[in-house]
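Coordinates as given in my_file_22.txt (compact mmCIF, C-alpha atoms):
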# COMPACT_ATOMS: atom_id res chain seq x y z
CA VAL E 1 10.11 11.25 12.95
CA GLN E 2 6.59 11.89 11.76
CA LEU E 3 4.02 14.45 10.75
CA VAL E 4 0.47 13.85 11.92
CA GLN E 5 -2.30 15.82 10.30
CA SER E 6 -5.76 16.66 11.57
CA GLY E 7 -8.77 14.67 10.42
CA ALA E 8 -10.99 14.97 7.39
CA GLU E 9 -13.22 18.02 7.11
CA VAL E 10 -16.58 18.58 5.41
CA LYS E 11 -17.49 22.24 5.01
CA LYS E 12 -19.75 24.51 3.00
CA SER E 13 -18.70 27.18 0.55
CA GLY E 14 -17.91 30.42 2.30
CA GLU E 15 -16.89 28.80 5.57
CA SER E 16 -13.44 29.13 7.10
CA LEU E 17 -11.12 26.27 7.95
CA LYS E 18 -7.77 25.65 9.60
CA ILE E 19 -6.07 22.26 9.37
CA SER E 20 -3.01 21.22 11.31
CA CYS E 21 0.21 19.26 10.93
CA LYS E 22 1.98 18.23 14.12
CA ALA E 23 5.65 17.30 13.96
CA SER E 24 7.37 14.90 16.30
CA GLY E 25 10.73 13.22 16.58
CA TYR E 26 12.78 16.16 15.37
CA SER E 27 13.35 19.83 16.02
CA VAL E 28 10.57 21.65 14.15
CA THR E 29 12.52 24.91 14.35
CA SER E 30 15.24 23.49 12.09
CA TYR E 31 13.17 22.38 9.10
CA TRP E 32 10.84 24.00 6.59
CA ILE E 33 7.38 22.42 6.29
CA GLY E 34 5.57 22.50 2.97
CA TRP E 35 1.97 22.06 1.88
CA VAL E 36 0.93 20.08 -1.19
CA ARG E 37 -2.54 19.87 -2.73
CA GLN E 38 -3.89 16.86 -4.60
CA MET E 39 -7.33 17.32 -6.11
CA PRO E 40 -9.39 14.14 -6.63
CA GLY E 41 -7.81 12.02 -9.34
CA LYS E 42 -5.20 14.67 -10.10
CA GLY E 43 -1.53 15.33 -9.54
CA LEU E 44 0.49 17.00 -6.84
CA GLU E 45 0.63 20.80 -6.57
CA TRP E 46 3.23 22.66 -4.51
CA MET E 47 1.44 25.29 -2.43
CA GLY E 48 4.36 26.71 -0.50
CA ILE E 49 6.48 26.37 2.60
CA ILE E 50 6.80 27.78 6.10
CA PHE E 51 9.73 27.80 8.52
CA PRO E 52 8.22 27.25 11.97
CA GLY E 53 11.30 28.67 13.63
CA ASP E 54 10.38 32.20 12.60
CA SER E 55 7.18 31.68 10.52
CA ASP E 56 8.93 32.80 7.34
CA THR E 57 6.70 31.78 4.45
CA ARG E 58 6.91 31.30 0.69
CA TYR E 59 3.74 30.88 -1.37
CA SER E 60 3.31 29.51 -4.86
CA PRO E 61 1.86 32.30 -7.04
CA SER E 62 -1.10 29.97 -7.67
CA PHE E 63 -1.99 29.94 -3.98
CA GLN E 64 -0.84 33.39 -2.86
CA GLY E 65 -3.81 35.21 -1.30
CA GLN E 66 -5.96 32.05 -1.36
CA VAL E 67 -4.56 30.36 1.75
CA THR E 68 -2.50 31.26 4.80
CA PHE E 69 0.28 29.29 6.42
CA SER E 70 1.07 29.67 10.09
CA ALA E 71 2.94 27.79 12.77
CA ASP E 72 3.20 27.46 16.54
CA LYS E 73 6.69 26.26 17.32
CA ALA E 74 5.84 25.80 20.99
CA ILE E 75 3.61 22.88 20.05
CA SER E 76 5.52 21.85 16.89
CA THR E 77 2.51 22.44 14.69
CA ALA E 78 2.01 24.02 11.29
CA TYR E 79 -1.34 25.18 9.97
CA LEU E 80 -3.03 25.75 6.64
CA GLN E 81 -6.10 27.94 6.65
CA TRP E 82 -8.77 29.34 4.40
CA SER E 83 -10.96 32.34 5.21
CA SER E 84 -13.66 31.49 2.69
CA LEU E 85 -13.72 28.02 1.15
CA GLU E 86 -14.85 27.28 -2.38
CA ALA E 87 -15.97 23.98 -3.90
CA SER E 88 -12.75 23.98 -5.93
CA ASP E 89 -10.79 23.67 -2.66
CA THR E 90 -12.01 20.07 -2.37
CA ALA E 91 -8.80 18.06 -2.24
CA MET E 92 -6.35 16.07 -0.16
CA TYR E 93 -3.83 18.33 1.52
CA TYR E 94 -0.45 17.01 2.60
CA CYS E 95 2.13 18.61 4.82
CA ALA E 96 5.70 17.49 4.30
CA ARG E 97 9.14 18.21 5.73
CA ARG E 98 11.79 19.75 3.55
CA LEU E 99 14.87 17.57 3.28
CA VAL E 100 17.97 18.79 5.04
CA GLY E 101 21.44 17.33 4.53
CA ALA E 102 24.67 17.80 6.42
CA THR E 103 25.35 21.15 4.77
CA ASN E 104 22.41 21.84 2.45
CA VAL E 105 18.68 22.37 2.46
CA TYR E 106 17.12 20.62 -0.51
CA ASN E 107 14.00 21.37 -2.54
CA ALA E 108 12.48 17.98 -1.77
CA PHE E 109 10.16 16.58 0.88
CA ASP E 110 11.40 13.55 2.79
CA ILE E 111 8.73 13.09 5.46
CA TRP E 112 5.03 13.39 4.64
CA GLY E 113 1.91 13.62 6.76
CA GLN E 114 -0.91 11.19 6.13
CA GLY E 115 -3.00 13.87 4.42
CA THR E 116 -6.17 15.75 5.35
CA MET E 117 -9.14 15.39 3.01
CA VAL E 118 -11.13 18.61 2.71
CA THR E 119 -14.55 18.40 1.08
CA VAL E 120 -16.40 21.61 0.31
CA SER E 121 -20.00 21.57 -0.83
CA SER E 122 -21.59 24.45 -2.70
CA GLN O 1 5.11 29.17 -13.96
CA SER O 2 3.56 26.07 -15.57
CA ALA O 3 3.71 22.52 -14.33
CA LEU O 4 6.51 20.34 -15.65
CA THR O 5 5.53 17.99 -18.49
CA GLN O 6 5.46 14.24 -17.96
CA PRO O 7 3.99 11.51 -20.16
CA PRO O 8 0.65 10.41 -18.72
CA SER O 9 1.60 6.76 -18.84
CA ALA O 10 4.50 4.35 -19.16
CA SER O 11 4.75 0.60 -19.01
CA GLY O 12 7.17 -2.29 -18.96
CA SER O 13 7.38 -5.97 -18.21
CA PRO O 14 8.90 -7.40 -15.03
CA GLY O 15 12.67 -7.30 -15.17
CA GLN O 16 12.78 -4.65 -17.87
CA SER O 17 13.83 -1.02 -17.50
CA VAL O 18 11.56 1.94 -18.06
CA THR O 19 12.42 5.63 -18.22
CA ILE O 20 10.03 8.46 -17.39
CA SER O 21 10.78 11.94 -18.67
CA CYS O 22 10.10 15.31 -17.08
CA THR O 23 10.39 18.35 -19.31
CA GLY O 24 10.70 21.86 -18.01
CA THR O 25 12.25 25.08 -19.23
CA SER O 26 15.40 27.15 -18.95
CA SER O 27 13.89 28.70 -15.82
CA ASP O 28 13.56 25.50 -13.84
CA VAL O 29 14.92 22.06 -14.81
CA ALA O 30 17.70 23.40 -17.01
CA ASN O 31 18.76 26.09 -14.58
CA TYR O 32 18.97 24.15 -11.33
CA ASN O 33 20.23 20.72 -10.23
CA SER O 34 17.23 20.51 -7.97
CA VAL O 35 15.00 17.85 -9.52
CA SER O 36 13.22 15.34 -7.32
CA TRP O 37 11.09 12.29 -8.01
CA TYR O 38 8.25 10.85 -5.93
CA GLN O 39 6.37 7.57 -6.04
CA GLN O 40 2.72 7.41 -5.03
CA HIS O 41 0.74 4.20 -4.81
CA PRO O 42 -3.07 4.55 -5.04
CA GLY O 43 -4.49 5.97 -1.85
CA LYS O 44 -1.06 6.32 -0.30
CA VAL O 45 1.26 9.13 0.66
CA PRO O 46 3.96 10.21 -1.82
CA LYS O 47 7.44 8.85 -1.17
CA LEU O 48 10.69 10.58 -2.08
CA LEU O 49 12.78 8.48 -4.49
CA ILE O 50 15.37 10.90 -5.90
CA TYR O 51 16.56 14.41 -5.02
CA GLU O 52 19.17 16.74 -6.51
CA VAL O 53 18.73 14.93 -9.85
CA THR O 54 20.62 11.76 -8.90
CA LYS O 55 20.68 11.30 -5.12
CA ARG O 56 18.72 8.56 -3.38
CA PRO O 57 17.52 8.82 0.22
CA SER O 58 18.57 5.88 2.36
CA GLY O 59 16.28 2.92 1.90
CA VAL O 60 15.44 3.61 -1.74
CA PRO O 61 16.61 0.71 -3.93
CA ASP O 62 19.35 1.46 -6.45
CA ARG O 63 16.96 0.22 -9.16
CA PHE O 64 15.75 3.81 -9.15
CA SER O 65 18.08 6.32 -10.76
CA GLY O 66 17.81 9.88 -11.98
CA SER O 67 19.50 11.97 -14.62
CA LYS O 68 19.16 15.28 -16.43
CA SER O 69 20.04 16.70 -19.81
CA GLY O 70 19.21 20.30 -20.59
CA ASN O 71 15.60 21.00 -19.68
CA THR O 72 14.61 17.33 -19.39
CA ALA O 73 15.08 15.16 -16.33
CA SER O 74 14.53 11.41 -16.32
CA LEU O 75 13.77 8.67 -13.84
CA THR O 76 14.84 5.16 -14.76
CA VAL O 77 13.43 2.14 -13.00
CA SER O 78 15.53 -0.95 -13.68
CA GLY O 79 14.54 -4.54 -13.02
CA LEU O 80 10.86 -3.66 -12.92
CA GLN O 81 8.87 -5.32 -10.18
CA ALA O 82 5.12 -5.57 -9.70
CA GLU O 83 5.35 -3.27 -6.66
CA ASP O 84 6.74 -0.49 -8.86
CA GLU O 85 3.30 0.01 -10.38
CA ALA O 86 2.39 3.48 -9.13
CA ASP O 87 2.19 7.14 -10.09
CA TYR O 88 5.48 9.00 -10.39
CA TYR O 89 5.92 12.75 -10.05
CA CYS O 90 8.89 14.94 -10.78
CA SER O 91 9.51 18.32 -9.23
CA SER O 92 12.00 21.09 -9.85
CA TYR O 93 13.08 24.27 -8.17
CA ALA O 94 12.05 27.23 -10.31
CA GLY O 95 13.70 30.12 -8.50
CA SER O 96 12.27 32.58 -5.96
CA ASN O 97 11.73 29.76 -3.48
CA ILE O 98 9.13 28.16 -5.76
CA VAL O 99 8.92 24.48 -6.68
CA LEU O 100 6.95 23.02 -9.58
CA PHE O 101 5.56 19.50 -9.85
CA GLY O 102 5.03 17.54 -13.03
CA GLY O 103 1.60 16.26 -13.96
CA GLY O 104 2.48 12.69 -13.03
CA THR O 105 3.07 9.45 -14.91
CA LYS O 106 1.15 6.24 -14.27
CA LEU O 107 3.57 3.31 -14.51
CA THR O 108 2.02 -0.03 -15.38
CA VAL O 109 3.92 -3.29 -14.93
CA LEU O 110 2.61 -5.59 -17.61

Rewritten as structure tokens:
Amino acid sequence: VQLVQSGAEVKKSGESLKISCKASGYSVTSYWIGWVRQMPGKGLEWMGIIFPGDSDTRYSPSFQGQVTFSADKAISTAYLQWSSLEASDTAMYYCARRLVGATNVYNAFDIWGQGTMVTVSS
Amino acid sequence: QSALTQPPSASGSPGQSVTISCTGTSSDVANYNSVSWYQQHPGKVPKLLIYEVTKRPSGVPDRFSGSKSGNTASLTVSGLQAEDEADYYCSSYAGSNIVLFGGGTKLTVL
């Protein structure tokens, strides 16, 4: 079971970007995938979650309208995209799988991708 | 919603116990038994230690335990080891399918 994220990106302000998170070893249509931001030297921020089975999404109010989640269940991949990057988007972005138990879905992430570093210059 | 409040730092000597607090509000920590704790070593990926306030995923040592009282959750690390030196983050469900993280606590093993 693993999540493998796309490589580091260096972009300019105003450019668009789409990073990916490919799941393997489990059925991607049965688990929510979340996105977490970590700005340099700072803490974790919950951005939101997507259910690849039907692309249902939930965004943190802090990120609503700033980013877009999407998924392609045929290739077990979730995406995080920006239409116009800003320097303040410079951060490490993690995807993570929401924990599922025998009968419950929990608000915790048990499997994490290795992270994608996004650097935006102004 | 605001981030949950954690002390910026905590410390203890090897073998001792240390407790890290995570303070929220009546809308998150106090209202749901959905608090999690993560450990993150420098330059590494976060690791889930505790979920649903007290539950440990398989493979997490029982030296790590969680609890909650009112709007404050706590993580206790017993029998401190050098490898426990890391950043620790709490998170809590806050309703409407939203989760909040705490600001993080840097644990130093003296």

What's around Pro61 of chain E at 10 Å? Count all atoms listed in the file, leave out sequence neighbours fewer than 3 positions away in its own chain, and write the answer as a PDB file with C-alpha atoms, in the coordinates of the input.
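Contents of part36.pdb, freshly written:
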ATOM      1  CA  MET E  47       1.440  25.290  -2.430  1.00  0.00           C
ATOM      2  CA  GLY E  48       4.360  26.710  -0.500  1.00  0.00           C
ATOM      3  CA  ARG E  58       6.910  31.300   0.690  1.00  0.00           C
ATOM      4  CA  GLN E  64      -0.840  33.390  -2.860  1.00  0.00           C
ATOM      5  CA  GLY E  65      -3.810  35.210  -1.300  1.00  0.00           C
ATOM      6  CA  GLN E  66      -5.960  32.050  -1.360  1.00  0.00           C
TER       7      GLN E  66
ATOM      8  CA  GLN O   1       5.110  29.170 -13.960  1.00  0.00           C
ATOM      9  CA  ILE O  98       9.130  28.160  -5.760  1.00  0.00           C
TER      10      ILE O  98
END

note = From the list O:Ser65, O:Ser17, O:Thr54, O:Asn97, the nearest residue to chain E using all atoms listed in the file is O:Asn97

request  = Find the residues near Val67 of chain E: any atom within 7 Å, counting all atoms listed in the file, skip ones fewer than 6 places away on the same chain, and give them as a ChimeraX atom specification.
outcome  = /E:80-82

message = Residues of chain O were defined as contacting chain E if any atom lay at most 8 Å from it, counting all atoms listed in the file; please report them as a list in words.
response = Ser34, Val35, Ser36, Val45, Pro46, Lys47, Leu48, Tyr51, Glu52, Tyr89, Ser92, Tyr93, Asn97, Ile98, Val99, Leu100, Phe101, Gly102, Gly103 and Gly104 of chain O

inquiry  = With only C-alpha atoms as the counted atoms, please give the residues lying no more than 7 Å from segment 85-92 of chain E, apart from itself and same-chain residues fewer than 6 positions off, as a ChimeraX atom specification.
reply    = /E:13-16,37-40,115-122

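The two atoms in question, atom CA of Asn71 of chain O and atom CA of Cys90 of chain O, are spaced 12.7 Å apart.
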
Within 6 Å of (-5.5, 18.2, 12.7), all atoms listed in the file: residues as a PDB file with C-alpha atoms, in the frame of the given file?
ATOM      1  CA  GLN E   5      -2.300  15.820  10.300  1.00  0.00           C
ATOM      2  CA  SER E   6      -5.760  16.660  11.570  1.00  0.00           C
ATOM      3  CA  GLY E   7      -8.770  14.670  10.420  1.00  0.00           C
ATOM      4  CA  ILE E  19      -6.070  22.260   9.370  1.00  0.00           C
ATOM      5  CA  SER E  20      -3.010  21.220  11.310  1.00  0.00           C
TER       6      SER E  20
END

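Pairwise distance (atom CA of Ser70 of chain E, atom CA of Ala8 of chain E) equals 19.2 Å.
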
Neighbouring residues of Ala30 of chain O were defined as those with any atom within 9 Å, considering all atoms listed in the file; residues of the same chain fewer than 4 positions away were excluded. Please report them as an mmCIF file with C-alpha atoms, in the frame of the given file.
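Saved as part_39.cif:
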data_model
loop_
_atom_site.group_PDB
_atom_site.id
_atom_site.type_symbol
_atom_site.label_atom_id
_atom_site.label_comp_id
_atom_site.auth_asym_id
_atom_site.auth_seq_id
_atom_site.Cartn_x
_atom_site.Cartn_y
_atom_site.Cartn_z
ATOM 1 C CA GLY O 24 10.700 21.860 -18.010
ATOM 2 C CA THR O 25 12.250 25.080 -19.230
ATOM 3 C CA SER O 26 15.400 27.150 -18.950
ATOM 4 C CA LYS O 68 19.160 15.280 -16.430
ATOM 5 C CA SER O 69 20.040 16.700 -19.810
ATOM 6 C CA GLY O 70 19.210 20.300 -20.590
ATOM 7 C CA ASN O 71 15.600 21.000 -19.680
ATOM 8 C CA THR O 72 14.610 17.330 -19.390
ATOM 9 C CA ALA O 73 15.080 15.160 -16.330
#

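If you look at atom CA of Asp54 of chain E and atom CA of Asp72 of chain E, they are 9.5 Å away from each other.
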
key: Nearest residue to Gln6 of chain O from the set O:Lys55, O:Glu85, O:Leu107, O:Leu80 (distances using only C-alpha atoms)   = O:Leu107

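Considering the residues O:Ala3, O:Leu75, O:Leu49, O:Leu110 and counting only C-alpha atoms, Asp28 of chain O has its shortest atom-to-atom contact with O:Ala3.
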
For segment 30-45 of chain E, where the input has fewer atoms than it should, I would like N, CA and C atoms rebuilt and written as a short mmCIF file (atom, residue, chain, number, x, y, z; two decimals), in the coordinates of the input.
data_model
loop_
_atom_site.label_atom_id
_atom_site.label_comp_id
_atom_site.auth_asym_id
_atom_site.auth_seq_id
_atom_site.Cartn_x
_atom_site.Cartn_y
_atom_site.Cartn_z
N SER E 30 14.09 23.65 12.98
CA SER E 30 15.24 23.49 12.09
C SER E 30 14.87 23.09 10.67
N TYR E 31 13.60 22.87 10.41
CA TYR E 31 13.17 22.38 9.10
C TYR E 31 11.99 23.19 8.57
N TRP E 32 12.01 23.46 7.27
CA TRP E 32 10.84 24.00 6.59
C TRP E 32 9.77 22.91 6.49
N ILE E 33 8.50 23.32 6.56
CA ILE E 33 7.38 22.42 6.29
C ILE E 33 6.62 22.97 5.08
N GLY E 34 6.28 22.09 4.17
CA GLY E 34 5.57 22.50 2.97
C GLY E 34 4.16 21.95 2.96
N TRP E 35 3.34 22.53 2.09
CA TRP E 35 1.97 22.06 1.88
C TRP E 35 1.80 21.72 0.40
N VAL E 36 1.13 20.58 0.17
CA VAL E 36 0.93 20.08 -1.19
C VAL E 36 -0.55 19.72 -1.36
N ARG E 37 -1.14 20.18 -2.45
CA ARG E 37 -2.54 19.87 -2.73
C ARG E 37 -2.63 18.76 -3.77
N GLN E 38 -3.59 17.87 -3.58
CA GLN E 38 -3.89 16.86 -4.60
C GLN E 38 -5.41 16.79 -4.75
N MET E 39 -5.89 17.36 -5.84
CA MET E 39 -7.33 17.32 -6.11
C MET E 39 -7.71 15.91 -6.52
N PRO E 40 -8.97 15.53 -6.35
CA PRO E 40 -9.39 14.14 -6.63
C PRO E 40 -8.98 13.69 -8.02
N GLY E 41 -8.23 12.59 -8.07
CA GLY E 41 -7.81 12.02 -9.34
C GLY E 41 -6.75 12.81 -10.08
N LYS E 42 -6.18 13.79 -9.44
CA LYS E 42 -5.20 14.67 -10.10
C LYS E 42 -3.82 14.57 -9.47
N GLY E 43 -2.91 15.39 -9.98
CA GLY E 43 -1.53 15.33 -9.54
C GLY E 43 -1.24 16.22 -8.33
N LEU E 44 0.03 16.22 -7.98
CA LEU E 44 0.49 17.00 -6.84
C LEU E 44 0.73 18.45 -7.24
N GLU E 45 0.39 19.37 -6.34
CA GLU E 45 0.63 20.80 -6.57
C GLU E 45 1.34 21.39 -5.35
#
